[in-house]
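Source file entry.cif; content: mmCIF, C-alpha atoms and all ligand atoms.
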data_target
loop_
_atom_site.group_PDB
_atom_site.id
_atom_site.type_symbol
_atom_site.label_atom_id
_atom_site.label_comp_id
_atom_site.auth_asym_id
_atom_site.auth_seq_id
_atom_site.Cartn_x
_atom_site.Cartn_y
_atom_site.Cartn_z
ATOM 1 C CA MET A 1 6.749 15.219 11.268
ATOM 2 C CA GLN A 2 6.571 17.685 8.389
ATOM 3 C CA ILE A 3 3.792 17.100 5.858
ATOM 4 C CA ARG A 4 4.160 17.801 2.131
ATOM 5 C CA HIS A 5 1.015 17.735 0.020
ATOM 6 C CA ALA A 6 0.842 16.187 -3.416
ATOM 7 C CA SER A 7 1.254 18.620 -6.285
ATOM 8 C CA HIS A 8 -0.026 19.422 -9.768
ATOM 9 C CA PRO A 9 2.577 20.255 -12.415
ATOM 10 C CA ASP A 10 0.752 23.483 -13.354
ATOM 11 C CA ASP A 11 1.390 24.839 -9.835
ATOM 12 C CA VAL A 12 5.135 24.737 -10.181
ATOM 13 C CA ALA A 13 5.667 27.468 -12.785
ATOM 14 C CA ALA A 14 4.185 30.153 -10.535
ATOM 15 C CA LEU A 15 6.030 29.244 -7.341
ATOM 16 C CA SER A 16 8.799 31.436 -5.983
ATOM 17 C CA LYS A 17 12.118 29.725 -5.318
ATOM 18 C CA ALA A 18 11.329 29.707 -1.590
ATOM 19 C CA ALA A 19 7.907 28.136 -2.142
ATOM 20 C CA LEU A 20 9.399 25.565 -4.523
ATOM 21 C CA ARG A 21 11.835 24.548 -1.798
ATOM 22 C CA GLU A 22 9.073 24.379 0.820
ATOM 23 C CA ARG A 23 7.104 21.983 -1.402
ATOM 24 C CA PHE A 24 9.858 19.731 -2.690
ATOM 25 C CA VAL A 25 13.078 20.039 -0.662
ATOM 26 C CA ALA A 26 13.683 18.425 2.717
ATOM 27 C CA ASP A 27 16.734 19.806 4.484
ATOM 28 C CA ALA A 28 18.057 19.680 8.051
ATOM 29 C CA LEU A 29 17.173 15.989 8.234
ATOM 30 C CA PHE A 30 20.329 15.114 10.162
ATOM 31 C CA VAL A 31 20.370 16.594 13.653
ATOM 32 C CA PRO A 32 22.578 14.919 16.312
ATOM 33 C CA GLY A 33 20.446 13.151 18.916
ATOM 34 C CA GLU A 34 17.199 13.501 16.944
ATOM 35 C CA GLN A 35 14.733 11.766 14.631
ATOM 36 C CA VAL A 36 13.483 14.069 11.817
ATOM 37 C CA LEU A 37 10.740 12.811 9.479
ATOM 38 C CA VAL A 38 8.981 14.226 6.414
ATOM 39 C CA TYR A 39 5.755 12.757 5.010
ATOM 40 C CA THR A 40 4.906 13.365 1.369
ATOM 41 C CA HIS A 41 1.476 12.562 -0.006
ATOM 42 C CA GLU A 42 3.262 11.638 -3.268
ATOM 43 C CA ASP A 43 2.833 7.859 -3.019
ATOM 44 C CA ARG A 44 2.656 8.379 0.787
ATOM 45 C CA MET A 45 6.396 8.085 1.180
ATOM 46 C CA VAL A 46 8.154 9.068 4.396
ATOM 47 C CA ILE A 47 11.796 10.092 4.485
ATOM 48 C CA GLY A 48 13.939 11.221 7.357
ATOM 49 C CA GLY A 49 17.181 11.220 9.257
ATOM 50 C CA VAL A 50 18.156 9.698 12.579
ATOM 51 C CA MET A 51 21.486 10.572 14.224
ATOM 52 C CA PRO A 52 22.024 8.775 17.519
ATOM 53 C CA ILE A 53 25.008 9.696 19.617
ATOM 54 C CA PRO A 54 27.109 7.147 21.565
ATOM 55 C CA GLY A 55 25.336 6.079 24.763
ATOM 56 C CA ALA A 56 21.965 7.510 23.673
ATOM 57 C CA PRO A 57 20.159 5.159 21.262
ATOM 58 C CA ILE A 58 17.030 6.439 19.528
ATOM 59 C CA GLU A 59 13.929 4.262 19.159
ATOM 60 C CA LEU A 60 11.906 5.066 16.045
ATOM 61 C CA GLU A 61 8.561 6.534 17.033
ATOM 62 C CA ALA A 62 5.405 6.475 14.942
ATOM 63 C CA PRO A 63 4.456 10.139 14.462
ATOM 64 C CA ALA A 64 0.844 10.989 15.365
ATOM 65 C CA ALA A 65 0.019 11.670 11.697
ATOM 66 C CA LEU A 66 0.491 7.972 10.858
ATOM 67 C CA ARG A 67 -2.269 7.018 13.327
ATOM 68 C CA SER A 68 -0.512 3.731 13.984
ATOM 69 C CA GLU A 69 0.979 2.326 17.135
ATOM 70 C CA ARG A 70 4.310 1.510 15.545
ATOM 71 C CA PHE A 71 6.081 2.977 12.527
ATOM 72 C CA CYS A 72 6.058 -0.281 10.540
ATOM 73 C CA ASP A 73 2.468 -1.348 11.315
ATOM 74 C CA ARG A 74 1.523 -0.506 7.704
ATOM 75 C CA ARG A 75 4.928 0.363 6.295
ATOM 76 C CA GLU A 76 8.193 -1.040 5.026
ATOM 77 C CA LEU A 77 11.354 0.914 5.734
ATOM 78 C CA ALA A 78 14.817 1.247 4.236
ATOM 79 C CA VAL A 79 17.669 2.510 6.405
ATOM 80 C CA VAL A 80 20.803 3.778 4.652
ATOM 81 C CA GLN A 81 24.007 4.515 6.527
ATOM 82 C CA ILE A 82 25.363 7.731 5.036
ATOM 83 C CA GLY A 83 27.698 8.241 7.987
ATOM 84 C CA THR A 84 30.419 5.758 8.847
ATOM 85 C CA ALA A 85 29.212 3.329 11.519
ATOM 86 C CA GLY A 86 26.229 2.513 13.695
ATOM 87 C CA THR A 87 23.706 -0.152 14.588
ATOM 88 C CA VAL A 88 20.034 -0.755 13.905
ATOM 89 C CA THR A 89 18.260 -3.203 16.204
ATOM 90 C CA VAL A 90 14.998 -4.634 14.872
ATOM 91 C CA ASP A 91 12.935 -6.671 17.339
ATOM 92 C CA GLY A 92 16.071 -7.602 19.285
ATOM 93 C CA VAL A 93 18.320 -8.432 16.304
ATOM 94 C CA GLU A 94 21.232 -6.030 15.901
ATOM 95 C CA TYR A 95 22.625 -5.092 12.468
ATOM 96 C CA ALA A 96 25.878 -3.128 12.121
ATOM 97 C CA LEU A 97 25.698 -0.748 9.168
ATOM 98 C CA GLU A 98 28.811 0.692 7.590
ATOM 99 C CA HIS A 99 28.970 3.513 5.047
ATOM 100 C CA ARG A 100 26.431 2.882 2.229
ATOM 101 C CA ASP A 101 25.032 -0.333 3.712
ATOM 102 C CA VAL A 102 21.226 -0.563 3.603
ATOM 103 C CA LEU A 103 18.854 -2.375 5.959
ATOM 104 C CA TYR A 104 15.432 -3.312 4.592
ATOM 105 C CA VAL A 105 12.959 -3.486 7.505
ATOM 106 C CA GLY A 106 9.771 -5.418 6.797
ATOM 107 C CA GLN A 107 6.210 -4.336 7.592
ATOM 108 C CA GLY A 108 5.121 -5.611 10.986
ATOM 109 C CA SER A 109 8.484 -4.992 12.659
ATOM 110 C CA ARG A 110 7.756 -3.692 16.117
ATOM 111 C CA SER A 111 10.821 -2.157 17.713
ATOM 112 C CA ILE A 112 13.487 -0.313 15.672
ATOM 113 C CA THR A 113 16.358 1.306 17.561
ATOM 114 C CA PHE A 114 19.299 3.250 16.164
ATOM 115 C CA GLY A 115 22.635 3.252 17.980
ATOM 116 C CA ALA A 116 26.026 4.902 17.630
ATOM 117 C CA THR A 117 29.443 3.725 18.694
ATOM 118 C CA SER A 118 32.749 5.494 19.121
ATOM 119 C CA ALA A 119 33.762 3.996 15.718
ATOM 120 C CA GLY A 120 32.327 6.937 13.762
ATOM 121 C CA GLU A 121 29.333 9.077 12.871
ATOM 122 C CA ALA A 122 25.983 7.287 12.724
ATOM 123 C CA ALA A 123 23.790 9.082 10.179
ATOM 124 C CA PHE A 124 20.836 6.975 9.116
ATOM 125 C CA TYR A 125 18.702 8.058 6.163
ATOM 126 C CA LEU A 126 15.192 6.593 6.285
ATOM 127 C CA ALA A 127 12.803 5.983 3.391
ATOM 128 C CA SER A 128 9.452 4.273 3.781
ATOM 129 C CA ALA A 129 6.365 3.328 1.779
ATOM 130 C CA LEU A 130 3.093 1.543 2.484
ATOM 131 C CA SER A 131 3.375 -2.239 2.657
ATOM 132 C CA PHE A 132 1.214 -5.080 3.887
ATOM 133 C CA SER A 133 3.266 -8.222 3.205
ATOM 134 C CA GLY A 134 5.794 -8.458 6.017
ATOM 135 C CA HIS A 135 8.819 -9.276 3.875
ATOM 136 C CA PRO A 136 11.884 -10.359 5.888
ATOM 137 C CA THR A 137 14.184 -7.742 7.354
ATOM 138 C CA THR A 138 17.445 -8.024 5.384
ATOM 139 C CA LEU A 139 20.818 -6.285 5.440
ATOM 140 C CA VAL A 140 22.304 -5.417 2.035
ATOM 141 C CA ARG A 141 25.925 -4.423 2.263
ATOM 142 C CA LEU A 142 27.348 -2.096 -0.377
ATOM 143 C CA GLN A 143 29.518 -4.869 -1.828
ATOM 144 C CA ASP A 144 26.439 -7.101 -2.287
ATOM 145 C CA ALA A 145 24.378 -4.489 -4.147
ATOM 146 C CA LEU A 146 23.809 -4.934 -7.893
ATOM 147 C CA THR A 147 26.448 -2.688 -9.415
ATOM 148 C CA THR A 148 26.584 -1.126 -12.879
ATOM 149 C CA ARG A 149 28.796 1.583 -14.331
ATOM 150 C CA THR A 150 27.170 3.928 -16.784
ATOM 151 C CA GLY A 151 27.651 7.287 -18.482
ATOM 152 C CA ASP A 152 30.686 8.741 -20.161
ATOM 153 C CA ALA A 153 33.596 10.864 -18.945
ATOM 154 C CA ALA A 154 33.387 12.892 -22.172
ATOM 155 C CA THR A 155 29.937 14.127 -21.156
ATOM 156 C CA ALA A 156 30.889 14.404 -17.473
ATOM 157 C CA ASN A 157 28.365 11.792 -16.323
ATOM 158 C CA ARG A 158 30.443 8.674 -15.640
ATOM 159 C CA ARG A 159 28.931 7.049 -12.568
ATOM 160 C CA THR A 160 28.364 3.832 -10.638
ATOM 161 C CA VAL A 161 24.815 2.793 -9.782
ATOM 162 C CA HIS A 162 24.404 0.443 -6.792
ATOM 163 C CA LYS A 163 20.953 -1.131 -6.501
ATOM 164 C CA HIS A 164 20.312 -2.369 -2.952
ATOM 165 C CA ILE A 165 16.544 -2.955 -2.985
ATOM 166 C CA HIS A 166 15.110 -3.859 -6.385
ATOM 167 C CA ALA A 167 12.787 -6.221 -8.196
ATOM 168 C CA ASP A 168 15.444 -8.939 -8.608
ATOM 169 C CA GLY A 169 16.976 -8.552 -5.153
ATOM 170 C CA VAL A 170 15.657 -8.093 -1.637
ATOM 171 C CA ARG A 171 11.890 -8.441 -1.719
ATOM 172 C CA SER A 172 9.786 -5.388 -0.942
ATOM 173 C CA ASP A 173 6.251 -4.295 -1.746
ATOM 174 C CA GLN A 174 7.068 -0.882 -3.201
ATOM 175 C CA LEU A 175 10.516 0.392 -2.277
ATOM 176 C CA VAL A 176 13.241 0.367 -4.921
ATOM 177 C CA LEU A 177 16.442 1.953 -3.609
ATOM 178 C CA GLY A 178 20.066 2.430 -4.506
ATOM 179 C CA ILE A 179 23.055 4.728 -4.356
ATOM 180 C CA THR A 180 24.690 6.412 -7.340
ATOM 181 C CA SER A 181 28.225 7.849 -7.175
ATOM 182 C CA LEU A 182 29.709 10.228 -9.702
ATOM 183 C CA GLU A 183 33.322 9.605 -10.672
ATOM 184 C CA PRO A 184 35.897 12.375 -10.186
ATOM 185 C CA GLY A 185 35.520 14.803 -13.085
ATOM 186 C CA SER A 186 31.903 13.767 -13.703
ATOM 187 C CA VAL A 187 29.117 15.946 -12.364
ATOM 188 C CA TRP A 188 25.852 15.179 -14.225
ATOM 189 C CA ASN A 189 23.532 12.594 -12.700
ATOM 190 C CA SER A 190 20.718 10.608 -14.288
ATOM 191 C CA MET A 191 21.526 11.461 -17.884
ATOM 192 C CA PRO A 192 19.651 11.227 -20.179
ATOM 193 C CA PRO A 193 16.821 12.681 -18.076
ATOM 194 C CA HIS A 194 13.619 10.743 -17.605
ATOM 195 C CA THR A 195 10.235 10.638 -15.946
ATOM 196 C CA HIS A 196 8.345 7.572 -14.715
ATOM 197 C CA ASP A 197 4.659 8.254 -14.426
ATOM 198 C CA ARG A 198 4.097 5.200 -12.247
ATOM 199 C CA ARG A 199 6.521 6.089 -9.451
ATOM 200 C CA THR A 200 7.553 8.927 -7.172
ATOM 201 C CA GLU A 201 11.308 9.253 -6.655
ATOM 202 C CA ILE A 202 13.247 11.014 -3.909
ATOM 203 C CA TYR A 203 16.938 11.883 -4.071
ATOM 204 C CA LEU A 204 19.148 12.535 -1.049
ATOM 205 C CA TYR A 205 22.419 14.137 -2.101
ATOM 206 C CA PHE A 206 25.434 13.361 0.088
ATOM 207 C CA GLY A 207 29.226 13.291 -0.047
ATOM 208 C CA LEU A 208 29.218 16.849 -1.431
ATOM 209 C CA PRO A 209 32.266 18.625 0.032
ATOM 210 C CA GLU A 210 32.038 21.930 1.899
ATOM 211 C CA GLY A 211 31.672 24.863 -0.490
ATOM 212 C CA HIS A 212 30.000 22.857 -3.255
ATOM 213 C CA ARG A 213 26.399 22.611 -4.471
ATOM 214 C CA VAL A 214 24.184 20.560 -6.799
ATOM 215 C CA GLN A 215 21.896 22.321 -9.249
ATOM 216 C CA HIS A 216 18.927 19.927 -9.324
ATOM 217 C CA VAL A 217 16.432 20.106 -12.199
ATOM 218 C CA MET A 218 12.744 19.283 -11.695
ATOM 219 C CA GLY A 219 9.426 19.925 -13.415
ATOM 220 C CA GLU A 220 7.773 18.738 -16.588
ATOM 221 C CA PRO A 221 10.367 18.230 -19.318
ATOM 222 C CA ASP A 222 9.190 21.270 -21.292
ATOM 223 C CA ASP A 223 8.943 23.534 -18.230
ATOM 224 C CA THR A 224 11.812 22.827 -15.847
ATOM 225 C CA ARG A 225 12.849 24.631 -12.652
ATOM 226 C CA THR A 226 16.131 24.396 -10.796
ATOM 227 C CA LEU A 227 16.925 24.078 -7.111
ATOM 228 C CA VAL A 228 20.357 24.664 -5.590
ATOM 229 C CA LEU A 229 20.929 21.875 -3.076
ATOM 230 C CA SER A 230 23.516 21.327 -0.363
ATOM 231 C CA ASP A 231 25.042 18.211 1.134
ATOM 232 C CA ARG A 232 22.357 15.999 2.762
ATOM 233 C CA ASP A 233 19.409 17.817 1.154
ATOM 234 C CA ALA A 234 16.604 15.615 -0.189
ATOM 235 C CA VAL A 235 14.296 16.502 -3.076
ATOM 236 C CA ILE A 236 10.922 14.959 -3.924
ATOM 237 C CA SER A 237 10.170 14.203 -7.593
ATOM 238 C CA PRO A 238 6.493 13.638 -8.318
ATOM 239 C CA SER A 239 5.801 11.143 -11.083
ATOM 240 C CA TRP A 240 5.438 13.924 -13.688
ATOM 241 C CA SER A 241 8.823 15.462 -12.912
ATOM 242 C CA VAL A 242 12.270 14.974 -14.376
ATOM 243 C CA HIS A 243 14.994 14.526 -11.757
ATOM 244 C CA PHE A 244 18.556 15.154 -12.748
ATOM 245 C CA GLY A 245 21.253 17.608 -11.913
ATOM 246 C CA SER A 246 24.826 18.766 -11.989
ATOM 247 C CA GLY A 247 27.252 19.354 -9.150
ATOM 248 C CA THR A 248 30.160 21.727 -8.854
ATOM 249 C CA THR A 249 32.181 18.574 -8.117
ATOM 250 C CA ASP A 250 31.470 14.848 -7.890
ATOM 251 C CA TYR A 251 29.088 13.564 -5.200
ATOM 252 C CA ALA A 252 26.714 10.689 -4.450
ATOM 253 C CA PHE A 253 23.003 10.357 -3.882
ATOM 254 C CA VAL A 254 20.505 7.872 -2.520
ATOM 255 C CA TRP A 255 17.533 7.411 -4.865
ATOM 256 C CA VAL A 256 14.380 5.735 -3.685
ATOM 257 C CA MET A 257 11.132 5.083 -5.508
ATOM 258 C CA ALA A 258 7.638 3.853 -4.660
ATOM 259 C CA GLY A 259 4.450 3.532 -6.631
ATOM 260 C CA GLU A 260 2.670 1.420 -9.190
ATOM 261 C CA ASN A 261 5.530 -0.908 -10.087
ATOM 262 C CA GLN A 262 9.154 -1.757 -9.289
ATOM 263 C CA ALA A 263 10.409 -1.954 -12.874
ATOM 264 C CA PHE A 264 13.570 0.165 -12.932
ATOM 265 C CA THR A 265 13.472 0.325 -16.722
ATOM 266 C CA ASP A 266 9.896 1.614 -16.792
ATOM 267 C CA MET A 267 10.941 5.168 -17.545
ATOM 268 C CA ASP A 268 10.365 7.641 -20.361
ATOM 269 C CA GLN A 269 13.628 9.172 -21.459
ATOM 270 C CA VAL A 270 13.680 12.805 -22.481
ATOM 271 C CA ALA A 271 16.132 14.063 -25.086
ATOM 272 C CA VAL A 272 18.280 16.867 -23.743
ATOM 273 C CA THR A 273 17.200 18.922 -26.760
ATOM 274 C CA ALA A 274 13.541 18.537 -25.686
ATOM 275 C CA LEU A 275 14.145 20.203 -22.321
ATOM 276 C CA ALA A 276 12.920 23.734 -21.791
HETATM 277 O O1 LIG B 301 22.479 8.186 -12.193
HETATM 278 C C1 LIG B 301 21.431 7.636 -12.542
HETATM 279 O O2 LIG B 301 21.145 7.391 -13.728
HETATM 280 C C2 LIG B 301 20.475 7.282 -11.504
HETATM 281 O O3 LIG B 301 20.852 7.039 -10.387
HETATM 282 C C3 LIG B 301 19.057 7.253 -11.883
HETATM 283 C C4 LIG B 301 18.129 6.986 -10.732
HETATM 284 O O4 LIG B 301 18.405 5.751 -10.239
HETATM 285 C C5 LIG B 301 16.726 7.075 -11.222
HETATM 286 O O5 LIG B 301 16.241 8.126 -11.493
HETATM 287 C C6 LIG B 301 15.968 5.814 -11.356
HETATM 288 O O6 LIG B 301 14.675 6.052 -11.796
HETATM 289 ZN ZN ZN B 302 14.115 8.129 -11.947
#
Would you mind giving the structure from this file in structure tokens?
Amino acid sequence: MQIRHASHPDDVAALSKAALRERFVADALFVPGEQVLVYTHEDRMVIGGVMPIPGAPIELEAPAALRSERFCDRRELAVVQIGTAGTVTVDGVEYALEHRDVLYVGQGSRSITFGATSAGEAAFYLASALSFSGHPTTLVRLQDALTTRTGDAATANRRTVHKHIHADGVRSDQLVLGITSLEPGSVWNSMPPHTHDRRTEIYLYFGLPEGHRVQHVMGEPDDTRTLVLSDRDAVISPSWSVHFGSGTTDYAFVWVMAGENQAFTDMDQVAVTALA
């Protein structure tokens, strides 16, 4: 498991592009037949990718750095299907996840196994935070997520926000998670920009066609840096950082937060004219 240390905003200005990526970007998460995990000390979140292949299920292992017998001994976990089909079996109960379905796995779950079928690619994105309550494991299908449309085509940011795990939905201790999709012709996500000092947020961009990129903006509002991201790259936003970006075409992203509260609206918006 890769380890990313927590960061101070003053560090960011002096970092080279390569060092900025090493601190905040997680790429190559999706490797056929493997489990790839990244631990960030920002709110002790873990993200990762698991890509089983048909006939070779993968059981989630607790990396040594967690010092726990099982992954969910002290953690809750969200599993997002960004491929097309596959199964997650939690303590003997099998859940079939289609594209953009999310499985919330409660703390205390013992055995978590990822499987693929011949029906399509199984690409599971994992996001986890500390938890001690043992909330029930629950499947949230895309069509059951809380759905809102926001933004404006005139400013190229018309998008649909699906909230799968949130304060008024599936119960969790920390995780708040959803999927946002840009409409054709719209490219700017998360406008107007914002920070939320009480939560870390991680984006995983996906659905970005070959030959396209997202220019992701991070940093304190008055001292931003950009990162050019590819399909299936994740980027960690510490609580002090804005997190927005523009693609060379439309795309989608999984956003997941953990921290002090689960209040989606607890954010400090930043006027575009205040960015530097
Ligand atoms: O497009 C958006 O707006 C978002 O998806 C915003 C994220 O959900 C977010 O940053 C929540 O804090
Ligand atoms: Zn946010």
Check which residues satisfy the PyMOL selection byres (((chain A and resi 37-43) around 10) and not hetatm) in the file shown, then give them as an NGL selection string.
-> :A and (1-7 or 23-24 or 26-27 or 29-30 or 34-36 or 44-50 or 62-63 or 65-66 or 125-130 or 174 or 198-201 or 236-239 or 257-260)
Shell around Val176 (chain A) at 10 Å using all atoms listed in the file, local window under 2 positions removed, as an mmCIF file with C-alpha atoms, in the coordinates of the input:
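Printed below is part_5.cif as written:
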data_model
loop_
_atom_site.group_PDB
_atom_site.id
_atom_site.type_symbol
_atom_site.label_atom_id
_atom_site.label_comp_id
_atom_site.auth_asym_id
_atom_site.auth_seq_id
_atom_site.Cartn_x
_atom_site.Cartn_y
_atom_site.Cartn_z
ATOM 1 C CA ALA A 78 14.817 1.247 4.236
ATOM 2 C CA LYS A 163 20.953 -1.131 -6.501
ATOM 3 C CA HIS A 164 20.312 -2.369 -2.952
ATOM 4 C CA ILE A 165 16.544 -2.955 -2.985
ATOM 5 C CA HIS A 166 15.110 -3.859 -6.385
ATOM 6 C CA ALA A 167 12.787 -6.221 -8.196
ATOM 7 C CA GLY A 169 16.976 -8.552 -5.153
ATOM 8 C CA VAL A 170 15.657 -8.093 -1.637
ATOM 9 C CA ARG A 171 11.890 -8.441 -1.719
ATOM 10 C CA SER A 172 9.786 -5.388 -0.942
ATOM 11 C CA ASP A 173 6.251 -4.295 -1.746
ATOM 12 C CA GLN A 174 7.068 -0.882 -3.201
ATOM 13 C CA GLY A 178 20.066 2.430 -4.506
ATOM 14 C CA ARG A 199 6.521 6.089 -9.451
ATOM 15 C CA GLU A 201 11.308 9.253 -6.655
ATOM 16 C CA TRP A 255 17.533 7.411 -4.865
ATOM 17 C CA VAL A 256 14.380 5.735 -3.685
ATOM 18 C CA MET A 257 11.132 5.083 -5.508
ATOM 19 C CA ALA A 258 7.638 3.853 -4.660
ATOM 20 C CA GLY A 259 4.450 3.532 -6.631
ATOM 21 C CA ASN A 261 5.530 -0.908 -10.087
ATOM 22 C CA GLN A 262 9.154 -1.757 -9.289
ATOM 23 C CA ALA A 263 10.409 -1.954 -12.874
ATOM 24 C CA PHE A 264 13.570 0.165 -12.932
#
Enumerate as an MDAnalysis selection string the residues within 8 Å of ligand ZN 302 (chain B), counting only C-alpha atoms and all ligand atoms.
-> chainID A and resid 190 194:196 201 242:243 255 257 267
Taking all listed atoms of ligand LIG 301 (chain B), build the axis-aligned box, pad each of the six sides by 5 Å, then write its centre and edge lengths in Å to one decimal as JSON.
{"center_x": 18.6, "center_y": 7.0, "center_z": -12.0, "size_x": 17.8, "size_y": 12.4, "size_z": 13.5}
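Compared by their closest atoms to Met191 (chain A), and using only C-alpha atoms, the residues A:Asp73, A:Asp152, A:Glu210, A:Glu61 rank with A:Asp152 nearest.
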Between A:Ser230, A:Thr265, A:Ser241, A:Ser133, single out the one closest to His8 (chain A), counting only C-alpha atoms.
->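 Smallest distance to His8 (chain A) is found for A:Ser241.
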Would you kindly translate the PyMOL selection byres (((chain A and resi 111) around 6) and not hetatm) into the concrete residues it picks from this file, as a list of chain:residue names?
->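 With the PyMOL selection byres (((chain A and resi 111) around 6) and not hetatm) on this model, the match is A:Val90, A:Asp91, A:Arg110, A:Ile112.
Here atom O1 of ligand LIG 301 (chain B) is placed at a distance of 16.5 Å from CA of Leu229 (chain A).
Our summary of the geometry notes that CA of Gly207 (chain A) is positioned 5.2 Å from CA of Tyr251 (chain A).
Each of A:Ser16, A:Thr273, A:Thr160, A:Ser131 was compared to ligand LIG 301 (chain B) using all atoms listed in the file, and A:Thr160 turns out to be the nearest.
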Take atom C2 of ligand LIG 301 (chain B) and CA of Phe124 (chain A) and report the distance between them in Å, one decimal.
-> 20.6 Å
Please provide the set of residues having any atom within 12 Å of Asp10 (chain A), restricted to all atoms listed in the file, with same-chain residues fewer than 4 positions apart removed, written as a compact mmCIF listing (two decimals) with C-alpha atoms, in the frame of the given file.
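The resulting out-v1.txt:
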# COMPACT_ATOMS: atom_id res chain seq x y z
CA ALA A 14 4.18 30.15 -10.54
CA LEU A 15 6.03 29.24 -7.34
CA GLY A 219 9.43 19.92 -13.42
CA GLU A 220 7.77 18.74 -16.59
CA ASP A 222 9.19 21.27 -21.29
CA ASP A 223 8.94 23.53 -18.23
CA THR A 224 11.81 22.83 -15.85
CA TRP A 240 5.44 13.92 -13.69
CA SER A 241 8.82 15.46 -12.91
Which one of A:Thr248, A:Thr148, A:Thr87, A:Thr113 sits closest to ligand LIG 301 (chain B) if you count all atoms listed in the file?
-> A:Thr148
Pick from A:Leu204, A:Pro57, A:Glu22, A:Glu69, whichever lies nearest to Ala234 (chain A) using only C-alpha atoms =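 For Ala234 (chain A), the nearest of the given residues is A:Leu204.
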Explicit residues for the PyMOL selection byres (((chain A and resi 272) around 10) and not hetatm) (as a list in words) =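 Checking the PyMOL selection byres (((chain A and resi 272) around 10) and not hetatm) against this file, the residues are Met191, Pro192, Pro193, His194, Pro221, Gln269, Val270, Ala271, Thr273, Ala274, Leu275 and Ala276 of chain A.
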I need the residues from that last selection saved to file as a tab-separated table (two decimals), in the coordinates of the input (with C-alpha atoms), if you can.
chain	number	residue	atom	x	y	z
A	191	MET	CA	21.53	11.46	-17.88
A	192	PRO	CA	19.65	11.23	-20.18
A	193	PRO	CA	16.82	12.68	-18.08
A	194	HIS	CA	13.62	10.74	-17.60
A	221	PRO	CA	10.37	18.23	-19.32
A	269	GLN	CA	13.63	9.17	-21.46
A	270	VAL	CA	13.68	12.80	-22.48
A	271	ALA	CA	16.13	14.06	-25.09
A	273	THR	CA	17.20	18.92	-26.76
A	274	ALA	CA	13.54	18.54	-25.69
A	275	LEU	CA	14.14	20.20	-22.32
A	276	ALA	CA	12.92	23.73	-21.79
Contact residues around Leu182 (chain A) with only C-alpha atoms at 6 Å, ignoring same-chain residues under 3 positions, as a list in words =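 Answer for this query is Arg159, Ser186, Asp250 and Tyr251 of chain A.
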Could you turn the residues from that selection into a file that holds C-alpha atoms, as a short mmCIF file (atom, residue, chain, number, x, y, z; two decimals), keeping the file's coordinate frame?
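Okay, again-v9.cif is ready:
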data_model
loop_
_atom_site.label_atom_id
_atom_site.label_comp_id
_atom_site.auth_asym_id
_atom_site.auth_seq_id
_atom_site.Cartn_x
_atom_site.Cartn_y
_atom_site.Cartn_z
CA ARG A 159 28.93 7.05 -12.57
CA SER A 186 31.90 13.77 -13.70
CA ASP A 250 31.47 14.85 -7.89
CA TYR A 251 29.09 13.56 -5.20
#
For region 5-16 of chain A, where the input has fewer atoms than it should, I would like N, CA and C atoms rebuilt and written as a PDB file, in the coordinates of the input.
ATOM      1  N   HIS A   5       2.170  18.170   0.805  1.00  0.00           N
ATOM      2  CA  HIS A   5       1.015  17.735   0.020  1.00  0.00           C
ATOM      3  C   HIS A   5       1.430  17.340  -1.391  1.00  0.00           C
ATOM      4  N   ALA A   6       0.581  16.573  -2.035  1.00  0.00           N
ATOM      5  CA  ALA A   6       0.842  16.187  -3.416  1.00  0.00           C
ATOM      6  C   ALA A   6       0.631  17.420  -4.304  1.00  0.00           C
ATOM      7  N   SER A   7       1.218  17.396  -5.482  1.00  0.00           N
ATOM      8  CA  SER A   7       1.254  18.620  -6.285  1.00  0.00           C
ATOM      9  C   SER A   7       0.789  18.367  -7.714  1.00  0.00           C
ATOM     10  N   HIS A   8       0.351  19.453  -8.351  1.00  0.00           N
ATOM     11  CA  HIS A   8      -0.026  19.422  -9.768  1.00  0.00           C
ATOM     12  C   HIS A   8       1.074  20.133 -10.550  1.00  0.00           C
ATOM     13  N   PRO A   9       1.470  19.611 -11.699  1.00  0.00           N
ATOM     14  CA  PRO A   9       2.577  20.255 -12.415  1.00  0.00           C
ATOM     15  C   PRO A   9       2.308  21.719 -12.763  1.00  0.00           C
ATOM     16  N   ASP A  10       1.043  22.089 -12.982  1.00  0.00           N
ATOM     17  CA  ASP A  10       0.752  23.483 -13.354  1.00  0.00           C
ATOM     18  C   ASP A  10       1.090  24.460 -12.225  1.00  0.00           C
ATOM     19  N   ASP A  11       1.115  23.952 -10.968  1.00  0.00           N
ATOM     20  CA  ASP A  11       1.390  24.839  -9.835  1.00  0.00           C
ATOM     21  C   ASP A  11       2.831  25.349  -9.855  1.00  0.00           C
ATOM     22  N   VAL A  12       3.707  24.512 -10.405  1.00  0.00           N
ATOM     23  CA  VAL A  12       5.135  24.737 -10.181  1.00  0.00           C
ATOM     24  C   VAL A  12       5.662  26.011 -10.839  1.00  0.00           C
ATOM     25  N   ALA A  13       5.144  26.317 -12.044  1.00  0.00           N
ATOM     26  CA  ALA A  13       5.667  27.468 -12.785  1.00  0.00           C
ATOM     27  C   ALA A  13       5.527  28.763 -11.999  1.00  0.00           C
ATOM     28  N   ALA A  14       4.470  28.886 -11.214  1.00  0.00           N
ATOM     29  CA  ALA A  14       4.185  30.153 -10.535  1.00  0.00           C
ATOM     30  C   ALA A  14       4.851  30.264  -9.163  1.00  0.00           C
ATOM     31  N   LEU A  15       5.475  29.212  -8.700  1.00  0.00           N
ATOM     32  CA  LEU A  15       6.030  29.244  -7.341  1.00  0.00           C
ATOM     33  C   LEU A  15       7.333  30.035  -7.286  1.00  0.00           C
ATOM     34  N   SER A  16       7.502  30.788  -6.218  1.00  0.00           N
ATOM     35  CA  SER A  16       8.799  31.436  -5.983  1.00  0.00           C
ATOM     36  C   SER A  16       9.810  30.342  -5.640  1.00  0.00           C
TER      37      SER A  16
END
